[in-house]
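Okay, model-v7.cif now, which holds mmCIF, C-alpha atoms:
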data_upload
loop_
_atom_site.label_atom_id
_atom_site.label_comp_id
_atom_site.auth_asym_id
_atom_site.auth_seq_id
_atom_site.Cartn_x
_atom_site.Cartn_y
_atom_site.Cartn_z
CA MET A 1 -30.31 76.10 -4.28
CA ARG A 2 -32.07 76.02 -0.90
CA GLY A 3 -28.89 77.38 0.76
CA ARG A 4 -28.92 80.35 -1.63
CA TYR A 5 -32.44 81.31 -0.53
CA ILE A 6 -31.45 81.07 3.16
CA LEU A 7 -28.38 83.28 2.69
CA CYS A 8 -30.40 85.80 0.69
CA ALA A 9 -32.95 85.94 3.53
CA LEU A 10 -30.21 86.54 6.07
CA GLY A 11 -28.67 89.23 3.91
CA ILE A 12 -31.95 91.15 3.82
CA MET A 13 -32.78 90.63 7.50
CA LEU A 14 -29.50 91.77 9.03
CA PRO A 15 -29.33 95.25 7.46
CA THR A 16 -32.95 95.78 8.55
CA VAL A 17 -32.07 95.00 12.18
CA ALA A 18 -29.09 97.34 12.09
CA TRP A 19 -31.29 100.22 10.85
CA GLY A 20 -33.81 99.56 13.63
CA GLN A 21 -31.19 100.20 16.36
CA VAL A 22 -31.59 103.99 15.93
CA THR A 23 -35.20 103.87 17.20
CA SER A 24 -36.45 103.96 20.80
CA LYS A 25 -34.99 101.82 23.59
CA ALA A 26 -38.11 99.69 23.84
CA LYS A 27 -38.19 99.27 20.19
CA GLN A 28 -34.49 98.41 20.27
CA ASP A 29 -35.07 95.71 22.90
CA SER A 30 -37.93 94.30 20.84
CA ILE A 31 -35.82 94.27 17.73
CA ALA A 32 -32.88 92.73 19.63
CA ARG A 33 -35.11 89.89 20.83
CA ALA A 34 -36.38 89.40 17.27
CA ASP A 35 -32.81 89.52 16.01
CA SER A 36 -31.74 86.86 18.50
CA ILE A 37 -34.62 84.61 17.54
CA ALA A 38 -33.91 85.17 13.84
CA ARG A 39 -30.22 84.39 14.30
CA ALA A 40 -31.02 81.21 16.20
CA ASP A 41 -33.48 80.13 13.52
CA SER A 42 -30.95 80.97 10.82
CA ILE A 43 -28.22 78.96 12.51
CA ALA A 44 -30.59 76.01 12.81
CA LEU A 45 -31.51 76.30 9.15
CA VAL A 46 -27.85 76.50 8.09
CA LYS A 47 -27.01 73.41 10.13
CA GLN A 48 -29.95 71.59 8.59
CA LEU A 49 -28.77 72.66 5.11
CA GLU A 50 -25.23 71.49 5.83
CA LYS A 51 -26.58 68.16 6.99
CA GLU A 52 -28.68 67.72 3.86
CA LEU A 53 -25.82 68.74 1.56
CA GLY A 54 -23.42 66.45 3.38
CA GLN A 55 -25.81 63.53 3.03
CA GLN A 56 -26.24 64.31 -0.70
CA ALA A 57 -22.45 64.40 -1.20
CA ALA A 58 -22.12 61.08 0.61
CA ASP A 59 -24.80 59.54 -1.56
CA THR A 60 -23.06 60.81 -4.72
CA SER A 61 -19.72 59.46 -3.52
CA GLY A 62 -21.28 56.14 -2.65
CA ASN A 63 -22.91 55.82 -6.06
CA ALA A 64 -19.62 56.68 -7.81
CA ALA A 65 -17.78 54.08 -5.77
CA ALA A 66 -20.39 51.49 -6.63
CA GLN A 67 -20.06 52.30 -10.32
CA GLY A 68 -16.26 51.84 -10.38
CA PRO A 69 -13.59 54.26 -11.74
CA ARG A 70 -14.93 57.48 -13.18
CA ALA A 71 -14.07 58.26 -16.81
CA THR A 72 -11.52 61.02 -17.34
CA GLY A 73 -12.57 61.62 -20.93
CA GLY A 74 -15.08 64.10 -22.20
CA TYR A 75 -12.78 66.42 -24.15
CA MET A 76 -12.12 66.43 -27.87
CA ASN A 77 -9.67 68.45 -29.92
CA ILE A 78 -10.82 69.55 -33.37
CA GLY A 79 -8.42 70.68 -36.06
CA PHE A 80 -8.79 71.73 -39.69
CA VAL A 81 -5.84 72.12 -42.06
CA ALA A 82 -5.92 72.94 -45.78
CA LEU A 83 -3.19 72.87 -48.44
CA THR A 84 -3.46 74.80 -51.70
CA ASP A 85 -0.89 74.31 -54.47
CA ALA A 86 -0.21 76.44 -57.51
CA GLY A 87 2.44 76.32 -60.21
CA TRP A 88 3.54 75.11 -63.60
CA SER A 89 5.47 72.22 -65.14
CA THR A 90 6.98 71.67 -68.56
CA GLU A 91 5.19 68.29 -68.50
CA ALA A 92 1.60 68.97 -69.57
CA ASP A 93 0.44 65.73 -67.94
CA VAL A 94 1.45 66.71 -64.42
CA GLY A 95 0.22 63.39 -63.03
CA ALA A 96 2.92 61.58 -64.98
CA ILE A 97 5.65 63.10 -62.80
CA GLN A 98 3.68 64.04 -59.66
CA VAL A 99 2.32 60.61 -58.85
CA GLY A 100 1.56 61.14 -55.16
CA ASP A 101 -2.09 61.47 -54.17
CA HIS A 102 -1.34 64.71 -52.30
CA ASP A 103 1.10 66.15 -54.85
CA PRO A 104 0.17 69.05 -57.16
CA HIS A 105 -2.22 67.64 -59.78
CA VAL A 106 -2.35 70.12 -62.64
CA ASN A 107 -0.73 73.21 -64.09
CA GLY A 108 -2.45 76.08 -62.32
CA PHE A 109 -4.17 75.54 -58.99
CA SER A 110 -5.02 72.40 -57.06
CA ILE A 111 -6.19 71.49 -53.56
CA PRO A 112 -4.55 68.14 -52.79
CA ASN A 113 -5.39 67.86 -49.10
CA VAL A 114 -7.96 69.31 -46.69
CA GLU A 115 -7.97 67.47 -43.40
CA LEU A 116 -10.42 67.37 -40.50
CA THR A 117 -8.83 65.89 -37.38
CA LEU A 118 -10.53 64.75 -34.18
CA ASP A 119 -8.76 63.40 -31.11
CA GLY A 120 -9.43 63.08 -27.42
CA ALA A 121 -9.57 60.87 -24.36
CA VAL A 122 -12.11 58.05 -24.55
CA ASP A 123 -11.71 57.00 -20.90
CA PRO A 124 -8.80 56.24 -18.53
CA TYR A 125 -7.64 53.47 -20.84
CA PHE A 126 -7.89 54.77 -24.44
CA LYS A 127 -7.40 57.80 -26.64
CA GLY A 128 -9.19 58.11 -29.96
CA PHE A 129 -7.97 59.67 -33.22
CA SER A 130 -9.49 60.22 -36.65
CA ASN A 131 -8.54 62.02 -39.85
CA ILE A 132 -11.08 62.70 -42.58
CA VAL A 133 -9.57 63.99 -45.82
CA TYR A 134 -11.19 66.01 -48.60
CA LYS A 135 -9.41 66.64 -51.90
CA LEU A 136 -10.07 67.85 -55.40
CA ASP A 137 -8.87 65.74 -58.31
CA LYS A 138 -7.45 67.12 -61.56
CA ASP A 139 -11.00 67.63 -62.87
CA GLY A 140 -12.11 69.53 -59.76
CA GLU A 141 -14.24 66.67 -58.42
CA THR A 142 -14.32 66.33 -54.63
CA GLY A 143 -13.15 63.11 -53.03
CA VAL A 144 -13.59 62.10 -49.38
CA GLU A 145 -11.72 59.37 -47.53
CA LEU A 146 -11.39 58.11 -44.00
CA GLU A 147 -7.64 58.34 -43.78
CA GLU A 148 -7.21 57.21 -40.18
CA ALA A 149 -9.49 56.17 -37.32
CA TYR A 150 -7.95 54.32 -34.40
CA VAL A 151 -7.70 53.98 -30.64
CA LEU A 152 -4.48 54.05 -28.64
CA THR A 153 -4.03 52.48 -25.21
CA THR A 154 -2.75 54.71 -22.41
CA SER A 155 -2.27 52.48 -19.36
CA LEU A 156 -0.79 49.11 -20.37
CA PRO A 157 1.99 47.74 -18.14
CA ALA A 158 5.59 46.92 -19.11
CA ASN A 159 5.95 49.91 -21.47
CA LEU A 160 3.52 48.34 -23.94
CA GLN A 161 1.08 50.18 -26.18
CA ILE A 162 -1.54 49.00 -28.69
CA LYS A 163 -3.01 50.88 -31.63
CA ALA A 164 -6.09 49.44 -33.35
CA GLY A 165 -8.16 50.62 -36.31
CA GLN A 166 -7.13 52.13 -39.63
CA PHE A 167 -3.80 53.95 -39.63
CA PHE A 168 -0.64 54.65 -41.59
CA THR A 169 1.84 51.80 -41.17
CA GLU A 170 4.90 52.87 -39.18
CA PHE A 171 7.43 52.13 -41.89
CA GLY A 172 10.32 54.60 -42.02
CA ARG A 173 9.94 58.26 -41.11
CA GLN A 174 7.70 59.85 -43.72
CA ASN A 175 5.08 57.20 -44.45
CA PRO A 176 3.23 57.82 -41.13
CA GLN A 177 3.29 61.61 -41.62
CA HIS A 178 0.35 63.63 -42.92
CA PRO A 179 0.98 66.03 -45.86
CA HIS A 180 0.90 69.16 -43.70
CA ALA A 181 3.92 67.79 -41.78
CA TRP A 182 6.03 67.23 -44.91
CA ALA A 183 9.11 69.37 -45.42
CA PHE A 184 8.51 69.45 -49.21
CA VAL A 185 5.53 70.01 -51.50
CA ASP A 186 5.46 66.42 -52.76
CA GLU A 187 6.08 62.88 -51.57
CA PRO A 188 9.47 61.22 -52.22
CA LEU A 189 9.66 59.04 -55.34
CA VAL A 190 10.71 55.93 -53.43
CA LEU A 191 7.58 56.03 -51.25
CA ASN A 192 5.44 56.28 -54.39
CA ARG A 193 7.36 53.32 -55.84
CA MET A 194 6.98 51.06 -52.82
CA PHE A 195 3.60 52.06 -51.39
CA GLY A 196 1.65 53.77 -54.14
CA PRO A 197 0.20 57.27 -54.38
CA ASP A 198 -1.37 57.38 -50.91
CA GLY A 199 1.21 55.61 -48.74
CA LEU A 200 0.94 52.31 -46.89
CA ARG A 201 -2.05 52.15 -44.55
CA SER A 202 -4.70 49.58 -43.74
CA GLN A 203 -6.94 48.20 -41.00
CA GLY A 204 -5.10 46.33 -38.29
CA LEU A 205 -3.31 46.25 -34.97
CA ARG A 206 0.06 47.66 -33.92
CA VAL A 207 1.89 46.65 -30.74
CA SER A 208 4.86 48.70 -29.54
CA TRP A 209 7.31 48.16 -26.71
CA LEU A 210 9.52 50.85 -25.23
CA LEU A 211 12.69 48.93 -24.47
CA PRO A 212 14.26 49.24 -20.98
CA THR A 213 17.50 50.78 -22.27
CA SER A 214 19.52 53.82 -21.19
CA PHE A 215 18.64 55.46 -24.52
CA TYR A 216 15.33 55.69 -26.37
CA ALA A 217 14.58 52.46 -28.23
CA GLU A 218 11.21 51.17 -29.42
CA ALA A 219 10.15 47.96 -31.15
CA MET A 220 6.87 47.77 -33.12
CA LEU A 221 4.91 45.16 -34.99
CA THR A 222 1.89 45.88 -37.18
CA VAL A 223 -0.46 43.14 -38.36
CA ALA A 224 -2.95 44.42 -40.92
CA ASN A 225 -5.06 43.55 -43.93
CA ALA A 226 -3.01 43.20 -47.10
CA THR A 227 -5.88 44.28 -49.36
CA GLY A 228 -7.13 47.60 -50.70
CA GLY A 229 -5.98 50.56 -52.71
CA THR A 230 -3.50 51.68 -50.03
CA THR A 231 -1.52 48.41 -50.01
CA SER A 232 0.14 48.95 -53.37
CA SER A 233 2.92 46.35 -53.14
CA PHE A 234 0.55 43.70 -51.85
CA ARG A 235 -3.05 42.77 -52.73
CA SER A 236 -4.02 46.09 -54.26
CA PRO A 237 -6.61 46.21 -57.06
CA ASP A 238 -4.03 48.28 -58.98
CA SER A 239 -1.33 45.57 -58.77
CA PRO A 240 -1.53 44.67 -62.51
CA GLU A 241 0.25 47.98 -63.09
CA ILE A 242 3.23 46.42 -61.30
CA HIS A 243 3.23 42.80 -62.53
CA GLY A 244 1.18 43.13 -65.71
CA GLY A 245 -0.92 40.03 -65.10
CA ILE A 246 -4.55 39.23 -64.33
CA ILE A 247 -5.41 39.52 -60.62
CA ASN A 248 -5.49 36.24 -58.74
CA GLU A 249 -8.31 36.41 -56.20
CA ARG A 250 -6.94 35.06 -52.94
CA PRO A 251 -9.14 34.56 -49.84
CA VAL A 252 -7.69 35.18 -46.39
CA GLU A 253 -7.41 31.68 -44.96
CA ARG A 254 -4.51 31.86 -42.52
CA LEU A 255 -2.42 34.33 -40.56
CA SER A 256 0.27 34.33 -43.28
CA ASP A 257 -2.27 35.99 -45.62
CA MET A 258 -2.00 39.17 -43.53
CA LEU A 259 0.50 42.03 -43.85
CA PHE A 260 3.28 42.10 -41.23
CA ALA A 261 5.35 45.25 -40.67
CA PRO A 262 8.04 45.19 -37.95
CA ARG A 263 10.02 48.32 -37.05
CA LEU A 264 12.88 49.09 -34.67
CA THR A 265 13.98 52.65 -33.91
CA ALA A 266 16.50 54.19 -31.52
CA SER A 267 17.65 57.71 -30.63
CA PHE A 268 21.01 58.92 -29.27
CA ASP A 269 22.39 62.27 -28.17
CA LEU A 270 25.75 62.61 -29.92
CA THR A 271 26.52 65.84 -28.07
CA GLU A 272 24.52 68.39 -26.09
CA THR A 273 23.51 70.00 -29.40
CA GLN A 274 23.25 66.98 -31.74
CA THR A 275 20.76 64.11 -31.84
CA ILE A 276 20.52 61.15 -34.20
CA VAL A 277 17.57 58.77 -34.76
CA LEU A 278 18.05 55.46 -36.60
CA GLY A 279 15.42 53.01 -37.78
CA ALA A 280 14.88 49.77 -39.68
CA SER A 281 11.54 48.60 -41.10
CA GLY A 282 10.03 45.73 -43.03
CA ALA A 283 6.72 44.91 -44.71
CA PHE A 284 5.89 41.33 -45.68
CA GLY A 285 2.71 39.95 -47.18
CA PRO A 286 0.95 38.32 -50.13
CA ASN A 287 0.46 39.89 -53.54
CA ASN A 288 -2.21 38.89 -56.06
CA SER A 289 -0.10 37.92 -59.04
CA GLY A 290 -0.55 34.27 -58.06
CA PRO A 291 -1.96 31.92 -55.39
CA SER A 292 1.22 31.90 -53.27
CA ALA A 293 3.10 35.02 -54.44
CA LYS A 294 4.71 37.22 -51.77
CA THR A 295 6.19 40.70 -51.46
CA GLN A 296 9.02 41.79 -49.19
CA VAL A 297 9.90 45.45 -48.60
CA TYR A 298 12.90 46.49 -46.50
CA GLY A 299 13.85 49.98 -45.33
CA VAL A 300 16.47 51.83 -43.31
CA ASP A 301 16.20 55.46 -42.22
CA GLY A 302 18.14 58.07 -40.31
CA TYR A 303 17.61 61.55 -38.95
CA TRP A 304 20.23 63.97 -37.57
CA LYS A 305 19.63 67.38 -36.04
CA TRP A 306 21.88 70.11 -34.71
CA LYS A 307 20.50 72.95 -32.62
CA PRO A 308 22.78 75.28 -30.62
CA ALA A 309 22.28 75.69 -26.90
CA ALA A 310 21.44 79.37 -27.41
CA ALA A 311 18.70 78.65 -29.98
CA GLN A 312 15.55 80.75 -29.70
CA ALA A 313 12.17 79.32 -30.75
CA GLY A 314 14.08 76.34 -32.17
CA PHE A 315 16.22 78.43 -34.55
CA PRO A 316 18.78 78.25 -36.02
CA PHE A 317 19.09 74.53 -36.78
CA LEU A 318 20.38 72.02 -39.31
CA SER A 319 18.73 68.65 -39.94
CA MET A 320 19.20 65.80 -42.37
CA GLN A 321 16.78 62.97 -43.10
CA ALA A 322 17.34 59.99 -45.38
CA GLU A 323 15.58 56.74 -46.24
CA ALA A 324 16.50 53.82 -48.49
CA MET A 325 14.07 51.05 -49.51
CA PHE A 326 14.28 47.77 -51.39
CA ARG A 327 11.48 45.58 -52.73
CA ASP A 328 11.34 41.97 -53.91
CA TYR A 329 8.02 41.39 -55.65
CA ASP A 330 7.56 37.67 -56.35
CA ALA A 331 5.48 37.66 -59.54
CA ALA A 332 3.98 34.26 -60.33
CA GLN A 333 3.57 32.85 -63.83
CA ARG A 334 0.48 34.69 -65.00
CA PHE A 335 -1.69 35.64 -67.94
CA ALA A 336 -1.04 39.14 -69.25
CA GLU A 337 -3.87 41.53 -68.44
CA ALA A 338 -3.51 43.30 -71.80
CA ASP A 339 -3.64 40.01 -73.75
CA PRO A 340 -4.82 36.87 -71.87
CA THR A 341 -3.35 34.67 -74.62
CA VAL A 342 0.13 35.77 -73.52
CA THR A 343 1.73 34.12 -70.49
CA LEU A 344 4.25 36.08 -68.45
CA PRO A 345 7.02 34.04 -66.78
CA GLN A 346 7.54 33.62 -63.07
CA GLU A 347 10.07 36.22 -61.89
CA THR A 348 11.10 38.42 -58.99
CA LEU A 349 10.66 42.12 -59.68
CA LYS A 350 13.38 44.05 -57.87
CA ASP A 351 13.07 47.76 -57.10
CA ARG A 352 15.02 50.20 -54.98
CA GLY A 353 15.16 53.87 -54.18
CA ALA A 354 16.30 56.47 -51.69
CA TYR A 355 16.08 60.14 -50.81
CA ALA A 356 18.06 62.52 -48.63
CA GLN A 357 16.90 65.95 -47.56
CA LEU A 358 18.72 68.78 -45.77
CA LEU A 359 16.88 71.55 -43.90
CA TRP A 360 18.46 74.76 -42.65
CA GLY A 361 16.48 76.82 -40.17
CA ILE A 362 18.02 80.17 -41.02
CA LYS A 363 16.15 82.28 -38.48
CA PRO A 364 12.83 81.97 -36.64
CA ARG A 365 10.14 80.71 -39.05
CA ILE A 366 12.37 80.74 -42.16
CA VAL A 367 13.63 77.37 -43.49
CA ALA A 368 15.57 76.47 -46.64
CA GLY A 369 15.72 72.89 -47.89
CA PHE A 370 17.19 70.65 -50.54
CA ARG A 371 16.23 67.07 -51.47
CA GLY A 372 17.85 64.60 -53.86
CA GLU A 373 16.25 61.25 -54.72
CA PHE A 374 16.03 58.33 -57.12
CA ALA A 375 13.96 55.22 -57.78
CA SER A 376 14.86 52.36 -60.12
CA GLY A 377 13.87 48.81 -61.07
CA ASP A 378 15.55 45.88 -62.75
CA PRO A 379 14.40 44.88 -66.28
CA ALA A 380 11.48 42.46 -66.33
CA ALA A 381 9.14 40.69 -68.74
CA PHE A 382 6.52 43.37 -68.13
CA ASP A 383 7.74 46.92 -68.71
CA SER A 384 5.79 49.03 -66.20
CA GLU A 385 5.69 52.81 -66.15
CA LEU A 386 5.55 52.54 -62.34
CA ARG A 387 9.01 50.92 -62.35
CA ARG A 388 10.79 53.39 -64.65
CA ASP A 389 14.17 54.76 -63.49
CA ARG A 390 13.79 58.31 -62.16
CA THR A 391 15.79 61.01 -60.37
CA ARG A 392 14.68 64.34 -58.91
CA PHE A 393 16.37 67.34 -57.29
CA SER A 394 14.29 69.83 -55.31
CA PRO A 395 15.42 73.03 -53.57
CA ASN A 396 12.72 74.84 -51.59
CA PHE A 397 12.09 77.75 -49.23
CA THR A 398 9.43 77.94 -46.50
CA TRP A 399 8.19 80.88 -44.43
CA TYR A 400 5.96 80.37 -41.41
CA PRO A 401 4.15 83.64 -40.50
CA THR A 402 2.92 81.76 -37.41
CA GLU A 403 2.60 78.11 -36.43
CA PHE A 404 -0.85 78.16 -38.03
CA SER A 405 0.18 79.11 -41.59
CA LYS A 406 3.01 78.68 -44.06
CA PHE A 407 4.12 79.71 -47.55
CA ARG A 408 6.40 77.41 -49.56
CA VAL A 409 8.06 77.62 -52.97
CA GLN A 410 9.81 74.63 -54.56
CA TYR A 411 11.58 73.89 -57.83
CA ASN A 412 11.76 70.32 -59.20
CA LEU A 413 14.20 69.01 -61.79
CA ASP A 414 12.83 65.63 -62.90
CA ASP A 415 14.63 63.13 -65.11
CA ARG A 416 12.87 60.04 -66.46
CA LYS A 417 14.84 57.38 -68.28
CA ASP A 418 14.19 57.35 -72.05
CA ILE A 419 11.88 60.39 -71.75
CA GLY A 420 14.06 63.28 -70.62
CA THR A 421 13.97 66.11 -68.11
CA ASP A 422 11.15 68.34 -66.87
CA HIS A 423 11.14 71.54 -64.85
CA SER A 424 8.44 72.46 -62.36
CA LEU A 425 7.86 75.40 -60.03
CA TRP A 426 5.33 74.94 -57.24
CA PHE A 427 3.90 77.28 -54.62
CA GLN A 428 2.04 76.05 -51.56
CA PHE A 429 -0.04 77.77 -48.87
CA GLU A 430 -1.28 76.11 -45.72
CA PHE A 431 -3.59 77.35 -42.99
CA LEU A 432 -4.71 75.61 -39.84
CA LEU A 433 -7.72 76.14 -37.57
CA GLY A 434 -8.09 74.73 -34.09
CA ALA A 435 -5.88 72.21 -32.35
CA HIS A 436 -3.11 70.24 -33.95
CA ALA A 437 -0.71 67.63 -32.65
CA ALA A 438 3.01 68.23 -32.38
CA HIS A 439 4.97 67.20 -35.45
CA LYS A 440 7.31 64.20 -35.29
CA PHE A 441 10.85 64.99 -34.15
#

Take the structure I supplied and represent it as C-alpha cells, if you would.
Amino acid sequence: MRGRYILCALGIMLPTVAWGQVTSKAKQDSIARADSIARADSIALVKQLEKELGQQAADTSGNAAAQGPRATGGYMNIGFVALTDAGWSTEADVGAIQVGDHDPHVNGFSIPNVELTLDGAVDPYFKGFSNIVYKLDKDGETGVELEEAYVLTTSLPANLQIKAGQFFTEFGRQNPQHPHAWAFVDEPLVLNRMFGPDGLRSQGLRVSWLLPTSFYAEAMLTVANATGGTTSSFRSPDSPEIHGGIINERPVERLSDMLFAPRLTASFDLTETQTIVLGASGAFGPNNSGPSAKTQVYGVDGYWKWKPAAAQAGFPFLSMQAEAMFRDYDAAQRFAEADPTVTLPQETLKDRGAYAQLLWGIKPRIVAGFRGEFASGDPAAFDSELRRDRTRFSPNFTWYPTEFSKFRVQYNLDDRKDIGTDHSLWFQFEFLLGAHAAHKF
C-alpha cells in the first residue's frame, strides 16, 4: 500500500516538472535542481520500500516453512440434480412392481430423487465427498437422507487408496451409481432382490490397490457395518420380510460380525475400438434370523463398448452391460413373526437373478436402449413376496439436449409368477445445476 502512494506521488510530480521546462532559464535551472533532488529522494524511497517488502516476504516464507506443508484445498464443487417421473401402470399399486427407492412411485407424477452434491480437496492428503438426497414418497411427504459422506486419500504409496465414511459398497457396476447415472428409469430387479430398495451402503472403510499389471486391474475390500435399512440381506430391520421370523438382536462382538465385500475388476482393449471390463464381487456378513446366521452374496459383471475411431462427441457407440448375482441366506430355526407359536425350520434361502442391457448411441445425444432381467428364489418354509419369481423387459429412448438435462421414455413389461403381467409407460426429466463428476465408464 505504501508503494502505491509513492508511485502516485511520482506520477504527479514528473508531469509537473516537464511543464515547468517551458518557463525561463533560471526557473528551468531551479526546477531541474528540484527535479534532481526529487528523483534522488524517490529512488531512496523506492529502495527502502523494496527492502521492507523483501523483508516481509522473507518473514512470510519463514513462517510458512515453520508451519510445514501448505494446504492445497480451499475449493468445493457444488452440484444439484433433480429427477421427475411421470407415467402410468396397469398395476394400481405401483410400489408392488416398482420396488426401488428411486423408481416411479405412483401413477401420475413423482419425484424420486433430488440430490445435493458437495466435493472438494480437504488438504494435500484427502478429498471429501457428500451426497444429500431429498425425495417425495407416494403420499407427497418429503424425506431427507445422508446418502454418502466420505473422504478419499490422494497420496498413499504403492498404488493404494482408502475411502472412509458412509458410501455405496462397490459391488458390481450399478450398485455404486447414483440414479442420475442410470441408463434406465428404474433399478434392476436383481439389485432390489439382493440389496433392498436403496442399494447396499453402510458406514465403513474401503481399501483399493491398483495392481502393477500391463492392463488395468484393481482389487478392493470393504469392511462396513452390517446393520441398518440399507443392508437388506444382512442385519436390516426389514429382514423378517425375507426370513419370516422374529429378529434376533445380535451385538457386534468380533470382527466377523462386520460386513466384508471384496471386489476384483479388470479392463482390456480388445481392439482399437472395443473395450471390455470384467468384475467379480462378494458380500459376506451376519443376518439377524439367528445368533450365528450368515449371508453370502456373489456377483459377476461385464461391460463391453464399441466406439469407432471417427466418433464425434462419443457417438455413435454400442455398449452392453450385464450382471448376475446369487445369494445364500442362512435362516436359523426361528419363531414366525406373524405367529410366535409357529416355529420355522432352519434352512438356506437361495435366490438368484441377472440383467443385461444394450445401449445404442444413434447420434450425438440420442440413445436407444433395451434391458431384459429376471429374479427368482427357491421354495422355502416362508413364502415371501420379496422372493417371488419375476421377469421384466424394458425398451427405452433418451434424448440429451445438453449434458445438463435429459428426457427419457421407457416401457416396462412385468411378469410376476402366479399374478400375471403388467404394462407401464414412464417418462423422466432430469436437470442439473453446477458441477458434476464424470459418469463411470

Q: Name the closest residue to A:Phe195 among the candidates A:Ile276, A:Ala226, A:Ile362, A:Leu83; distances are taken between atoms, counting only C-alpha atoms.
A: A:Ala226

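Residue neighbourhood of A:Phe335, excluding near-sequence residues (fewer than 4 positions): Gly244, Gly245, Ile246, Asp339, Pro340, Thr341, Val342, Thr343, Leu344 and Pro345 of chain A, at 9 Å, using only C-alpha atoms.
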
Q: Would you work out the distance separating atom CA of A:Ile111 from atom CA of A:Gly165, expressed in Å to one decimal?
A: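 Rounded to one decimal, the two atoms are 27.1 Å apart.
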
Q | Atomic distance atom CA of A:Gly434 - atom CA of A:Asn113, expressed in Å with one decimal | A |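 Atom CA of A:Asn113 lies at a distance of 16.7 Å from atom CA of A:Gly434.
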
Q) For this file, the PyMOL selection byres ((chain A and resi 288-305) around 8) selects which residues, as a PyMOL selection string? A) chain A and resi 171-173+194+233-236+239-240+243+245-250+274-287+306-307+317-334

**Q.** Chain and number of each residue from the PyMOL selection byres ((chain A and resi 81) around 8), as a ChimeraX atom specification
**A.** /A:79-80,82-83,114-116,180,430-433

Output the selection as a short mmCIF file (atom, residue, chain, number, x, y, z; two decimals), keeping the file's coordinate frame - C-alpha atoms for each residue.
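Full text of selection08.cif as output:
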data_model
loop_
_atom_site.label_atom_id
_atom_site.label_comp_id
_atom_site.auth_asym_id
_atom_site.auth_seq_id
_atom_site.Cartn_x
_atom_site.Cartn_y
_atom_site.Cartn_z
CA GLY A 79 -8.42 70.68 -36.06
CA PHE A 80 -8.79 71.73 -39.69
CA ALA A 82 -5.92 72.94 -45.78
CA LEU A 83 -3.19 72.87 -48.44
CA VAL A 114 -7.96 69.31 -46.69
CA GLU A 115 -7.97 67.47 -43.40
CA LEU A 116 -10.42 67.37 -40.50
CA HIS A 180 0.90 69.16 -43.70
CA GLU A 430 -1.28 76.11 -45.72
CA PHE A 431 -3.59 77.35 -42.99
CA LEU A 432 -4.71 75.61 -39.84
CA LEU A 433 -7.72 76.14 -37.57
#

Matched chain/residue IDs from the PyMOL selection byres ((chain A and resi 106) around 12), as a compact mmCIF listing (two decimals) with C-alpha atoms, in the frame of the given file:
# COMPACT_ATOMS: atom_id res chain seq x y z
CA THR A 84 -3.46 74.80 -51.70
CA ASP A 85 -0.89 74.31 -54.47
CA ALA A 86 -0.21 76.44 -57.51
CA GLY A 87 2.44 76.32 -60.21
CA TRP A 88 3.54 75.11 -63.60
CA SER A 89 5.47 72.22 -65.14
CA THR A 90 6.98 71.67 -68.56
CA GLU A 91 5.19 68.29 -68.50
CA ALA A 92 1.60 68.97 -69.57
CA ASP A 93 0.44 65.73 -67.94
CA VAL A 94 1.45 66.71 -64.42
CA GLY A 95 0.22 63.39 -63.03
CA ALA A 96 2.92 61.58 -64.98
CA ILE A 97 5.65 63.10 -62.80
CA GLN A 98 3.68 64.04 -59.66
CA VAL A 99 2.32 60.61 -58.85
CA HIS A 102 -1.34 64.71 -52.30
CA ASP A 103 1.10 66.15 -54.85
CA PRO A 104 0.17 69.05 -57.16
CA HIS A 105 -2.22 67.64 -59.78
CA ASN A 107 -0.73 73.21 -64.09
CA GLY A 108 -2.45 76.08 -62.32
CA PHE A 109 -4.17 75.54 -58.99
CA SER A 110 -5.02 72.40 -57.06
CA ILE A 111 -6.19 71.49 -53.56
CA PRO A 112 -4.55 68.14 -52.79
CA LEU A 136 -10.07 67.85 -55.40
CA ASP A 137 -8.87 65.74 -58.31
CA LYS A 138 -7.45 67.12 -61.56
CA ASP A 139 -11.00 67.63 -62.87
CA GLY A 140 -12.11 69.53 -59.76
CA SER A 424 8.44 72.46 -62.36
CA LEU A 425 7.86 75.40 -60.03
CA TRP A 426 5.33 74.94 -57.24

**Q.** Length of the atom CA of A:Arg365 to atom CA of A:Pro308 vector [Å]
**A.**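 Spanning atom CA of A:Arg365 to atom CA of A:Pro308 is a straight-line distance of 16.1 Å.
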
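For A:Val207, the residues within 8 Å (counting all atoms listed in the file, excluding itself and residues fewer than 5 positions away along the chain) are A:Leu160, A:Gln161, A:Ile162, A:Lys163, A:Met220, A:Leu221, A:Thr222.
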
Q) Quick one: of A:Leu205, A:Leu152, A:Leu413, A:Ala310, who's nearest to A:Pro262, counting only C-alpha atoms? A)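 The answer is A:Leu205, which sits nearest to A:Pro262.
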
Q. Hey, what's within 10 Å of A:Glu145 if we count all atoms listed in the file and toss same-chain stuff fewer than 2 positions away? As a ChimeraX atom specification, please?
A. /A:115,131-135,143,147-148

**Q.** Minimum-distance residue to A:Phe397, chosen among A:Gly353, A:Pro179, A:Gly361, A:Pro157 (using all atoms listed in the file)
**A.** A:Gly361

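You can rank A:Tyr216, A:Lys127, A:Asp101, A:Pro237 by their closest distance to A:Met76 using all atoms listed in the file, and at the top of that list sits A:Lys127.
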